[in-house]
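A.B. asks: Just so it is clear, I am handing over protein-v3.cif, which has mmCIF, C-alpha atoms.
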data_structure
#
loop_
_atom_site.group_PDB
_atom_site.id
_atom_site.type_symbol
_atom_site.label_atom_id
_atom_site.label_comp_id
_atom_site.auth_asym_id
_atom_site.auth_seq_id
_atom_site.Cartn_x
_atom_site.Cartn_y
_atom_site.Cartn_z
ATOM 1 C CA MET A 1 -197.289 69.620 -21.895
ATOM 2 C CA THR A 2 -197.157 73.401 -21.795
ATOM 3 C CA GLY A 3 -198.129 74.962 -18.490
ATOM 4 C CA ALA A 4 -198.406 71.582 -16.758
ATOM 5 C CA PRO A 5 -197.603 71.370 -13.062
ATOM 6 C CA ASP A 6 -194.450 69.788 -11.722
ATOM 7 C CA ASN A 7 -194.365 66.458 -9.897
ATOM 8 C CA GLY A 8 -195.863 66.445 -6.443
ATOM 9 C CA TRP A 9 -193.602 66.432 -3.454
ATOM 10 C CA THR A 10 -193.535 65.764 0.256
ATOM 11 C CA VAL A 11 -191.792 67.648 3.034
ATOM 12 C CA ALA A 12 -191.010 65.514 6.088
ATOM 13 C CA MET A 13 -190.416 67.272 9.402
ATOM 14 C CA ILE A 14 -188.951 65.175 12.187
ATOM 15 C CA GLU A 15 -188.992 66.307 15.799
ATOM 16 C CA PRO A 16 -186.131 65.401 18.173
ATOM 17 C CA ASN A 17 -188.430 62.797 19.799
ATOM 18 C CA GLY A 18 -188.996 61.069 16.435
ATOM 19 C CA GLU A 19 -192.490 62.485 15.824
ATOM 20 C CA ARG A 20 -192.938 62.916 12.073
ATOM 21 C CA THR A 21 -195.123 65.407 10.241
ATOM 22 C CA PHE A 22 -195.581 65.296 6.475
ATOM 23 C CA VAL A 23 -196.785 68.063 4.182
ATOM 24 C CA VAL A 24 -197.858 66.661 0.820
ATOM 25 C CA LEU A 25 -198.309 68.830 -2.250
ATOM 26 C CA PRO A 26 -199.837 66.917 -5.159
ATOM 27 C CA GLY A 27 -198.696 67.575 -8.695
ATOM 28 C CA MET A 28 -198.650 65.986 -12.122
ATOM 29 C CA GLU A 29 -199.278 62.484 -10.726
ATOM 30 C CA GLN A 30 -202.859 63.630 -10.037
ATOM 31 C CA LEU A 31 -203.466 64.519 -13.694
ATOM 32 C CA TRP A 32 -202.517 61.346 -15.598
ATOM 33 C CA ARG A 33 -204.977 60.274 -18.265
ATOM 34 C CA ALA A 34 -205.587 56.954 -20.017
ATOM 35 C CA PRO A 35 -204.388 58.116 -23.478
ATOM 36 C CA TRP A 36 -200.952 58.866 -22.016
ATOM 37 C CA PHE A 37 -200.442 55.141 -21.415
ATOM 38 C CA LYS A 38 -201.167 54.124 -25.033
ATOM 39 C CA PRO A 39 -197.580 54.596 -26.307
ATOM 40 C CA VAL A 40 -196.189 52.604 -23.347
ATOM 41 C CA ASP A 41 -195.643 48.915 -24.073
ATOM 42 C CA MET A 42 -196.279 47.417 -20.623
ATOM 43 C CA THR A 43 -195.058 44.008 -21.799
ATOM 44 C CA LYS A 44 -191.469 45.306 -21.887
ATOM 45 C CA TYR A 45 -191.257 45.670 -18.106
ATOM 46 C CA ASP A 46 -190.355 43.030 -15.529
ATOM 47 C CA TYR A 47 -191.055 45.266 -12.519
ATOM 48 C CA ILE A 48 -193.368 48.244 -12.254
ATOM 49 C CA TYR A 49 -193.293 50.589 -9.259
ATOM 50 C CA LEU A 50 -196.534 52.251 -8.219
ATOM 51 C CA SER A 51 -196.993 54.811 -5.477
ATOM 52 C CA GLY A 52 -200.146 55.317 -3.441
ATOM 53 C CA PHE A 53 -199.977 59.025 -4.258
ATOM 54 C CA GLN A 54 -200.804 58.190 -7.886
ATOM 55 C CA LEU A 55 -204.007 56.391 -6.960
ATOM 56 C CA THR A 56 -205.755 58.915 -4.733
ATOM 57 C CA ASN A 57 -207.431 60.514 -7.751
ATOM 58 C CA PRO A 58 -210.128 58.048 -8.939
ATOM 59 C CA LEU A 59 -209.649 58.884 -12.656
ATOM 60 C CA VAL A 60 -205.884 58.436 -12.420
ATOM 61 C CA ALA A 61 -206.318 55.234 -10.408
ATOM 62 C CA ARG A 62 -208.606 53.682 -13.010
ATOM 63 C CA ALA A 63 -206.357 54.681 -15.932
ATOM 64 C CA THR A 64 -203.289 53.349 -14.126
ATOM 65 C CA VAL A 65 -204.815 50.004 -13.161
ATOM 66 C CA ASP A 66 -206.204 49.556 -16.675
ATOM 67 C CA ALA A 67 -202.703 50.149 -18.077
ATOM 68 C CA LEU A 68 -201.196 47.698 -15.572
ATOM 69 C CA ASN A 69 -203.640 45.059 -16.781
ATOM 70 C CA ASN A 70 -201.696 45.064 -20.080
ATOM 71 C CA ARG A 71 -198.463 43.852 -18.465
ATOM 72 C CA ARG A 72 -197.053 40.353 -18.872
ATOM 73 C CA ASP A 73 -198.329 37.709 -16.464
ATOM 74 C CA ASP A 74 -194.864 37.359 -14.917
ATOM 75 C CA ALA A 75 -194.317 41.112 -14.453
ATOM 76 C CA VAL A 76 -194.406 42.244 -10.837
ATOM 77 C CA VAL A 77 -196.111 45.396 -9.607
ATOM 78 C CA LEU A 78 -194.439 46.793 -6.495
ATOM 79 C CA PHE A 79 -197.093 48.935 -4.856
ATOM 80 C CA ASP A 80 -195.918 51.307 -2.138
ATOM 81 C CA VAL A 81 -199.259 52.569 -0.969
ATOM 82 C CA ALA A 82 -197.842 54.000 2.285
ATOM 83 C CA ALA A 83 -199.989 56.395 4.268
ATOM 84 C CA ARG A 84 -202.289 57.000 1.277
ATOM 85 C CA ILE A 85 -203.972 53.618 1.693
ATOM 86 C CA LYS A 86 -207.136 55.111 3.183
ATOM 87 C CA SER A 87 -207.379 57.534 0.236
ATOM 88 C CA VAL A 88 -207.347 54.808 -2.433
ATOM 89 C CA ASP A 89 -210.652 53.255 -3.467
ATOM 90 C CA LYS A 90 -211.047 49.821 -1.854
ATOM 91 C CA ASP A 91 -212.098 48.258 -5.175
ATOM 92 C CA ILE A 92 -208.861 49.503 -6.767
ATOM 93 C CA LEU A 93 -206.892 48.035 -3.833
ATOM 94 C CA ALA A 94 -208.708 44.720 -4.230
ATOM 95 C CA GLU A 95 -208.064 44.663 -7.974
ATOM 96 C CA LEU A 96 -204.355 45.277 -7.457
ATOM 97 C CA LEU A 97 -204.154 42.626 -4.772
ATOM 98 C CA HIS A 98 -205.936 40.029 -6.888
ATOM 99 C CA SER A 99 -203.573 40.816 -9.768
ATOM 100 C CA GLY A 100 -200.614 39.533 -7.752
ATOM 101 C CA SER A 101 -199.165 42.942 -6.915
ATOM 102 C CA LEU A 102 -196.823 43.151 -3.943
ATOM 103 C CA PHE A 103 -197.917 45.743 -1.404
ATOM 104 C CA THR A 104 -195.671 47.554 1.032
ATOM 105 C CA VAL A 105 -197.534 49.024 3.971
ATOM 106 C CA MET A 106 -196.688 50.190 7.444
ATOM 107 C CA LYS A 107 -198.489 48.116 10.056
ATOM 108 C CA TRP A 108 -200.442 51.108 11.344
ATOM 109 C CA ASN A 109 -201.616 52.020 7.835
ATOM 110 C CA CYS A 110 -203.159 48.648 6.996
ATOM 111 C CA PRO A 111 -206.946 49.025 7.145
ATOM 112 C CA ARG A 112 -209.336 46.241 7.991
ATOM 113 C CA SER A 113 -210.721 46.399 4.457
ATOM 114 C CA LEU A 114 -207.358 45.329 3.016
ATOM 115 C CA LYS A 115 -206.824 42.610 5.636
ATOM 116 C CA ALA A 116 -210.184 41.146 4.642
ATOM 117 C CA ILE A 117 -209.120 40.632 1.012
ATOM 118 C CA PRO A 118 -207.785 37.101 0.488
ATOM 119 C CA SER A 119 -204.352 36.881 -1.085
ATOM 120 C CA THR A 120 -203.974 35.105 -4.433
ATOM 121 C CA ASN A 121 -200.179 34.866 -4.370
ATOM 122 C CA GLY A 122 -199.817 32.995 -1.066
ATOM 123 C CA LEU A 123 -198.346 36.011 0.719
ATOM 124 C CA PRO A 124 -200.116 37.645 3.648
ATOM 125 C CA THR A 125 -202.223 40.621 2.686
ATOM 126 C CA CYS A 126 -201.431 42.657 5.773
ATOM 127 C CA THR A 127 -199.825 41.275 8.863
ATOM 128 C CA ARG A 128 -198.663 42.727 12.090
ATOM 129 C CA ARG A 129 -195.447 41.579 13.635
ATOM 130 C CA PRO A 130 -195.960 40.069 17.052
ATOM 131 C CA THR A 131 -194.990 42.551 19.721
ATOM 132 C CA SER A 132 -192.078 41.474 21.858
ATOM 133 C CA GLN A 133 -192.818 41.067 25.535
#
Represent the structure of the file as structure tokens.

C.D. replies:
Amino acid sequence: MTGAPDNGWTVAMIEPNGERTFVVLPGMEQLWRAPWFKPVDMTKYDYIYLSGFQLTNPLVARATVDALNNRRDDAVVLFDVAARIKSVDKDILAELLHSGSLFTVMKWNCPRSLKAIPSTNGLPTCTRRPTSQ
């Protein structure tokens, strides 16, 4: 695509005390469109990685989830939503969860809305490790 932006990127700055600051610059992943998925045969893939950055744009999120719905029943979606979880539409999150996708989330990023969605694959939706005493 002529004149299209590059992929987005993230700069992580870590202080000596471990405090982390992230600067996120979105890119091409915010511009995906449904027709771009048409030549992709989703049934050829056993595992599909999805990043939360790709789903913060509602149009991209819908096109992506619609394309994922064409995968084989035994294909696994590995969804690393990370800190973007609050930026992804809760209905999209619910649809991915009900489709058997595996989510990776940090315990402090797991919103109540996701915890309230029952799991269909027997795995916990969002859990917090017990704190050691």

A.B. asks: Taking all atoms listed in the file into account, name the residue in A:Ala82, A:Met42, A:Gln30, A:Thr21 that is nearest to Leu68 in chain A.

C.D. replies: A:Met42

A.B. asks: When the PyMOL selection byres ((chain A and resi 44-59) around 7) is applied to the file above, which residues end up in the set, as a count of residues only?

C.D. replies: 21

A.B. asks: Which residue gives the smallest distance to Asp66 in chain A among A:Ala12, A:Ile92, A:Gly100, A:Leu25, with only C-alpha atoms counted?

C.D. replies: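 Among A:Ala12, A:Ile92, A:Gly100, A:Leu25, it is A:Ile92 that comes nearest to Asp66 in chain A.
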
A.B. asks: Find the spatial neighbours of Val24 in chain A, counting all atoms listed in the file, within a cut-off of 7 Å - ignore same-chain residues fewer than 6 positions away - and output them as number ranges by chain.

C.D. replies: A: 9-11

A.B. asks: One decimal, in Å: what's the spacing between CA of Val65 in chain A and CA of Gly8 in chain A?

C.D. replies: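 Interatomic distance, CA of Val65 in chain A to CA of Gly8 in chain A: 19.9 Å.
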
A.B. asks: Kindly give the distance, in Å, that separates CA of Arg33 in chain A and CA of Lys90 in chain A, rounded to a single decimal.

C.D. replies: 20.4 Å

A.B. asks: So the first atom is CA of Pro26 in chain A and the second is CA of Asn7 in chain A; what is the distance between them in Å, to one decimal place?

C.D. replies: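 For CA of Pro26 in chain A relative to CA of Asn7 in chain A, the distance reads 7.3 Å.
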
A.B. asks: Just need the box for range 27-42 of chain A, edges along x, y and z, holding every atom the file lists for it with 4 Å tacked onto each side, so centre and edge lengths in Å to one decimal, as JSON.

C.D. replies:
{"center_x": -200.6, "center_y": 57.5, "center_z": -17.5, "size_x": 17.9, "size_y": 28.2, "size_z": 25.6}
